[in-house]
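As stored in my_file.txt (compact mmCIF, C-alpha atoms):
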```
# COMPACT_ATOMS: atom_id res chain seq x y z
CA MET A 1 -58.52 20.40 -14.31
CA SER A 2 -57.19 23.91 -13.93
CA HIS A 3 -53.66 24.70 -12.92
CA PRO A 4 -52.37 27.74 -11.09
CA GLU A 5 -50.74 30.10 -13.51
CA ARG A 6 -47.16 31.00 -12.72
CA LYS A 7 -45.67 34.36 -13.35
CA ASN A 8 -42.11 35.50 -12.94
CA MET A 9 -41.79 38.61 -10.83
CA PRO A 10 -38.43 40.32 -10.48
CA ARG A 11 -37.91 41.35 -6.85
CA GLN A 12 -37.29 45.04 -7.40
CA GLY A 13 -35.74 46.69 -4.38
CA ALA A 14 -35.69 43.36 -2.63
CA GLY A 15 -32.25 43.85 -1.09
CA GLY A 16 -30.63 40.54 -0.21
CA ARG A 17 -33.76 38.63 0.64
CA ALA A 18 -34.37 35.07 -0.52
CA ALA A 19 -36.75 34.41 -3.43
CA HIS A 20 -39.58 33.15 -1.20
CA ASP A 21 -39.48 36.05 1.25
CA VAL A 22 -41.73 38.42 -0.69
CA GLY A 23 -43.92 39.92 2.04
CA GLY A 24 -44.59 43.57 1.22
CA LEU A 25 -43.38 43.45 -2.39
CA ALA A 26 -45.77 44.49 -5.15
CA PHE A 27 -46.99 41.19 -6.58
CA GLY A 28 -50.48 42.21 -7.63
CA ALA A 29 -53.65 40.44 -6.58
CA ILE A 30 -53.49 36.95 -5.10
CA ASP A 31 -55.05 34.21 -7.23
CA ARG A 32 -57.49 32.67 -4.76
CA SER A 33 -59.10 30.21 -7.14
CA GLU A 34 -59.00 26.60 -5.94
CA HIS A 35 -57.93 23.73 -8.16
CA ASP A 36 -58.36 19.98 -7.88
CA LEU A 37 -55.26 18.14 -6.73
CA ALA A 38 -53.70 15.72 -9.18
CA LEU A 39 -52.87 12.21 -7.99
CA TRP A 40 -49.13 12.99 -7.94
CA GLU A 41 -49.80 16.00 -5.74
CA LYS A 42 -51.72 13.88 -3.22
CA ARG A 43 -48.91 11.31 -3.33
CA THR A 44 -46.33 14.03 -2.74
CA ASP A 45 -48.28 15.21 0.29
CA ALA A 46 -48.51 11.65 1.63
CA MET A 47 -44.81 11.02 1.01
CA LEU A 48 -43.79 14.12 2.92
CA ILE A 49 -46.00 13.24 5.89
CA LEU A 50 -44.51 9.73 6.02
CA LEU A 51 -40.91 10.97 5.65
CA VAL A 52 -41.12 13.56 8.43
CA GLY A 53 -43.26 11.30 10.66
CA ALA A 54 -42.11 9.74 13.92
CA LYS A 55 -41.43 6.37 12.29
CA LYS A 56 -39.01 7.59 9.60
CA ARG A 57 -37.81 11.03 10.69
CA ALA A 58 -35.92 11.30 7.40
CA PHE A 59 -35.87 15.10 7.72
CA THR A 60 -38.02 17.89 9.10
CA VAL A 61 -40.45 20.35 7.52
CA ASP A 62 -37.80 22.93 8.39
CA GLY A 63 -35.43 21.06 6.07
CA LEU A 64 -38.09 21.13 3.36
CA ARG A 65 -38.43 24.89 3.82
CA ARG A 66 -34.66 25.33 3.70
CA VAL A 67 -34.39 23.59 0.32
CA ILE A 68 -37.37 25.47 -1.15
CA GLU A 69 -36.03 28.77 0.16
CA SER A 70 -32.72 28.16 -1.58
CA TYR A 71 -34.36 28.21 -5.03
CA GLY A 72 -33.53 31.15 -7.24
CA GLU A 73 -36.25 33.61 -8.27
CA GLN A 74 -36.99 31.95 -11.59
CA GLU A 75 -37.23 28.43 -10.24
CA TYR A 76 -39.26 29.62 -7.27
CA ASP A 77 -41.76 31.52 -9.39
CA ARG A 78 -42.29 29.00 -12.16
CA THR A 79 -42.91 26.00 -9.91
CA THR A 80 -46.23 25.26 -8.24
CA TYR A 81 -46.73 24.42 -4.58
CA TYR A 82 -46.33 20.65 -4.92
CA GLU A 83 -43.61 20.96 -7.57
CA LYS A 84 -41.60 22.78 -4.91
CA TRP A 85 -42.35 20.01 -2.43
CA ILE A 86 -41.44 17.08 -4.70
CA ARG A 87 -38.15 18.67 -5.76
CA ALA A 88 -37.26 19.37 -2.16
CA VAL A 89 -38.22 15.83 -1.08
CA ARG A 90 -36.01 14.50 -3.88
CA ASN A 91 -33.08 16.65 -2.77
CA LEU A 92 -33.52 15.75 0.89
CA ILE A 93 -33.70 11.97 0.44
CA VAL A 94 -30.54 12.17 -1.68
CA GLU A 95 -28.90 14.42 0.92
CA GLN A 96 -29.79 11.92 3.66
CA GLU A 97 -28.57 9.01 1.51
CA ILE A 98 -31.95 7.25 1.60
CA VAL A 99 -32.02 7.02 -2.19
CA SER A 100 -29.13 7.83 -4.52
CA ARG A 101 -29.34 10.29 -7.38
CA GLU A 102 -28.48 7.44 -9.77
CA GLU A 103 -31.41 5.35 -8.50
CA ILE A 104 -33.80 8.25 -9.06
CA GLU A 105 -32.44 8.91 -12.55
CA ALA A 106 -32.74 5.20 -13.42
CA ARG A 107 -36.38 5.11 -12.28
CA MET A 108 -37.13 8.30 -14.15
CA THR A 109 -35.71 6.79 -17.33
CA GLN A 110 -37.92 3.70 -16.84
CA ALA A 111 -41.00 5.80 -16.21
CA ARG A 112 -40.29 7.96 -19.24
CA ALA A 113 -39.95 4.85 -21.45
CA ARG A 114 -43.21 3.47 -20.06
CA HIS A 115 -45.04 6.68 -20.85
CA GLU A 116 -43.59 6.87 -24.37
CA GLN A 117 -44.57 3.24 -25.07
CA ALA A 118 -48.09 4.04 -23.99
CA GLY A 119 -48.10 6.97 -26.40
CA ARG A 120 -48.17 9.56 -23.64
CA LYS A 121 -46.06 12.65 -23.75
CA ALA A 122 -43.20 12.51 -21.28
CA ALA A 123 -41.17 15.51 -20.20
CA LYS A 124 -37.64 15.28 -21.55
CA ALA A 125 -36.09 17.74 -19.17
CA ARG A 126 -34.46 16.50 -16.03
CA ILE A 127 -35.58 18.01 -12.78
CA PRO A 128 -32.98 20.66 -11.93
CA MET B 1 -46.89 25.23 6.55
CA SER B 2 -48.03 23.92 9.93
CA VAL B 3 -45.82 23.48 12.95
CA GLN B 4 -46.66 19.80 12.96
CA GLY B 5 -43.73 17.66 14.05
CA ARG B 6 -42.06 20.43 15.97
CA ARG B 7 -41.87 18.98 19.44
CA GLN B 8 -41.86 21.14 22.47
CA SER B 9 -38.51 20.61 24.16
CA ASN B 10 -38.18 19.39 27.75
CA LYS B 11 -35.50 21.93 28.54
CA ARG B 12 -37.30 25.21 28.98
CA PRO B 13 -35.05 28.24 29.09
CA ALA B 14 -36.53 31.24 30.90
CA ALA B 15 -38.09 33.78 28.56
CA ARG B 16 -35.84 36.83 28.21
CA PHE B 17 -38.75 39.13 27.38
CA ALA B 18 -42.12 39.64 29.05
CA PRO B 19 -45.43 40.72 27.51
CA GLY B 20 -45.49 44.49 26.97
CA GLU B 21 -41.72 44.81 26.54
CA ALA B 22 -40.44 46.73 23.53
CA VAL B 23 -38.14 44.86 21.14
CA ARG B 24 -36.43 45.35 17.82
CA ILE B 25 -36.06 42.62 15.20
CA ALA B 26 -32.43 41.90 14.39
CA THR B 27 -31.11 42.93 10.97
CA ARG B 28 -28.36 40.35 10.59
CA PRO B 29 -28.12 38.47 7.31
CA VAL B 30 -29.72 35.07 6.99
CA LEU B 31 -27.65 31.93 6.64
CA GLY B 32 -30.00 29.34 5.19
CA HIS B 33 -33.44 28.75 6.69
CA CYS B 34 -34.98 31.40 8.87
CA ARG B 35 -38.56 32.12 9.96
CA THR B 36 -38.21 35.85 10.50
CA PRO B 37 -39.70 37.63 7.49
CA TRP B 38 -37.56 40.21 5.73
CA TYR B 39 -40.12 42.99 6.04
CA LEU B 40 -39.85 42.90 9.84
CA ARG B 41 -36.06 43.23 10.07
CA GLY B 42 -35.08 46.26 12.09
CA LYS B 43 -38.71 47.02 13.02
CA MET B 44 -39.80 47.84 16.55
CA GLY B 45 -42.62 45.96 18.24
CA THR B 46 -43.89 44.84 21.62
CA ILE B 47 -44.15 41.36 23.07
CA ALA B 48 -47.81 40.34 22.94
CA GLN B 49 -47.47 36.78 24.20
CA VAL B 50 -44.88 34.14 25.14
CA HIS B 51 -45.81 31.04 23.13
CA GLY B 52 -43.38 28.60 24.76
CA THR B 53 -40.12 26.89 23.93
CA PHE B 54 -39.48 25.07 20.67
CA ARG B 55 -36.58 23.44 18.92
CA ASP B 56 -34.74 25.91 16.72
CA PRO B 57 -35.99 25.61 13.11
CA GLU B 58 -32.74 27.13 11.81
CA ARG B 59 -30.90 24.06 13.12
CA LEU B 60 -33.66 21.50 12.48
CA ALA B 61 -33.45 22.53 8.83
CA TYR B 62 -29.94 21.02 8.65
CA HIS B 63 -30.76 17.68 10.28
CA ARG B 64 -29.53 18.91 13.68
CA PRO B 65 -31.50 18.37 16.90
CA GLY B 66 -32.57 22.03 17.01
CA LEU B 67 -30.87 22.81 20.31
CA PRO B 68 -30.56 25.06 22.18
CA ALA B 69 -34.32 25.41 22.06
CA GLN B 70 -35.66 28.90 21.51
CA VAL B 71 -38.47 30.79 23.19
CA LEU B 72 -41.09 31.80 20.64
CA TYR B 73 -43.02 35.05 21.05
CA LYS B 74 -45.98 36.69 19.45
CA VAL B 75 -44.71 40.19 18.64
CA ARG B 76 -47.07 43.05 17.81
CA PHE B 77 -46.08 45.80 15.37
CA LYS B 78 -47.83 48.99 14.41
CA GLN B 79 -48.65 48.76 10.72
CA SER B 80 -47.35 52.30 10.33
CA GLU B 81 -44.01 51.12 11.75
CA VAL B 82 -43.80 48.21 9.33
CA TRP B 83 -44.83 49.93 6.08
CA ASP B 84 -43.88 53.33 4.74
CA ARG B 85 -46.96 55.45 4.05
CA TYR B 86 -49.34 52.86 5.51
CA PRO B 87 -52.78 54.03 4.32
CA GLY B 88 -54.96 52.30 6.95
CA PRO B 89 -56.19 53.52 10.35
CA ALA B 90 -53.47 54.55 12.83
CA GLY B 91 -54.48 51.85 15.32
CA ASP B 92 -53.86 48.94 12.91
CA HIS B 93 -51.28 46.41 13.97
CA LEU B 94 -49.73 43.18 12.75
CA GLU B 95 -48.65 40.18 14.81
CA ALA B 96 -45.89 37.73 13.93
CA ASP B 97 -44.31 34.75 15.68
CA ILE B 98 -40.62 35.47 16.24
CA TYR B 99 -37.96 33.38 17.96
CA GLU B 100 -35.98 34.93 20.79
CA HIS B 101 -32.62 34.95 18.99
CA TRP B 102 -34.10 37.42 16.50
CA LEU B 103 -35.18 39.87 19.21
CA GLU B 104 -33.10 42.71 20.64
CA PRO B 105 -34.05 44.69 23.75
CA LEU B 106 -35.10 48.28 23.08
CA THR B 107 -34.07 49.96 26.30
```
Using structure tokens, write down the structure that the file contains.
Amino acid sequence: MSHPERKNMPRQGAGGRAAHDVGGLAFGAIDRSEHDLALWEKRTDAMLILLVGAKKRAFTVDGLRRVIESYGEQEYDRTTYYEKWIRAVRNLIVEQEIVSREEIEARMTQARARHEQAGRKAAKARIP
Amino acid sequence: MSVQGRRQSNKRPAARFAPGEAVRIATRPVLGHCRTPWYLRGKMGTIAQVHGTFRDPERLAYHRPGLPAQVLYKVRFKQSEVWDRYPGPAGDHLEADIYEHWLEPLT
């Protein structure tokens, strides 16, 4: 499976605009190649749809945009589409007190241990 | 990002601008979420279409009800107005959806 390649692009002459608001800046050619979605990406998509849906109304897509738009340049550029989504979903469910930060950290520790036991490489870094 | 989930509000304020009217995009700084792209700030355009009334995304983004609702317009800009040294044909234009509170009258 291929992954989109991330590149960090300093916003020269960008004034005070947010990191996502890059219309008109020189960013080179757009990478239009498609890639297969990983299972976690499909799950992230499903989670978002359920959270913003009429039944839950945990937050809105506008809230998702707000969190993603608050990322700094480096974080914005080095994360992929669904990485931006899952981080924002995490922040929003904590913000709305649906799940606590401690609960997420505890589950992450469990998952990491499970992966290590199975001999799979698990990312050490915490999600910022 | 789609506009899925953004309900059309029952309260429908009258549109301040009509198709054909000249407007300028406000240049005020952004506080948090905003759907008006940076490259259009301060640019002059004309109202192409009144889309309707929608809850305000700038408030929805903070778990508020998004009221007062805002009229959303399709605004048309000359490409040569938007970009310095635009190399394309003089007749080229660009359209963007802009909420009423980002529009200033140009008369």
Would you work out the distance separating CA of Gly32 in chain B from CA of Val89 in chain A, expressed in Å to one decimal?
17.0 Å
Interface list for chain A, partner chain B, 8 Å threshold, all atoms listed in the file, as a PyMOL selection string:
chain A and resi 17+21-24+52-53+59-66+69-70
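The list of residues with at least one atom within 9 Å of Glu95 in chain B, based on only C-alpha atoms and without residues fewer than 3 positions apart in the same chain, reads B:Ala48, B:Lys74, B:Val75, B:Arg76, B:Phe77, B:Lys78.
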When distances are computed from only C-alpha atoms, which of B:Met44, B:Leu31, B:Ala90, B:Val50 shows the smallest separation from Tyr73 in chain B?
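Checking each of B:Met44, B:Leu31, B:Ala90, B:Val50 against Tyr73 in chain B, counting only C-alpha atoms, the winner is B:Val50.
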Could you check the closest approach to Ala18 in chain A for each of A:Leu37, A:Val94, A:Val67, A:Ala123 and tell me which residue wins, using only C-alpha atoms?
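Nearest to Ala18 in chain A: A:Val67.
The gap separating CA of Arg57 in chain A from CA of Gly52 in chain B is 23.2 Å, in Å to one decimal.
Here CA of Arg24 in chain B and CA of Glu104 in chain B stand 5.1 Å from one another.
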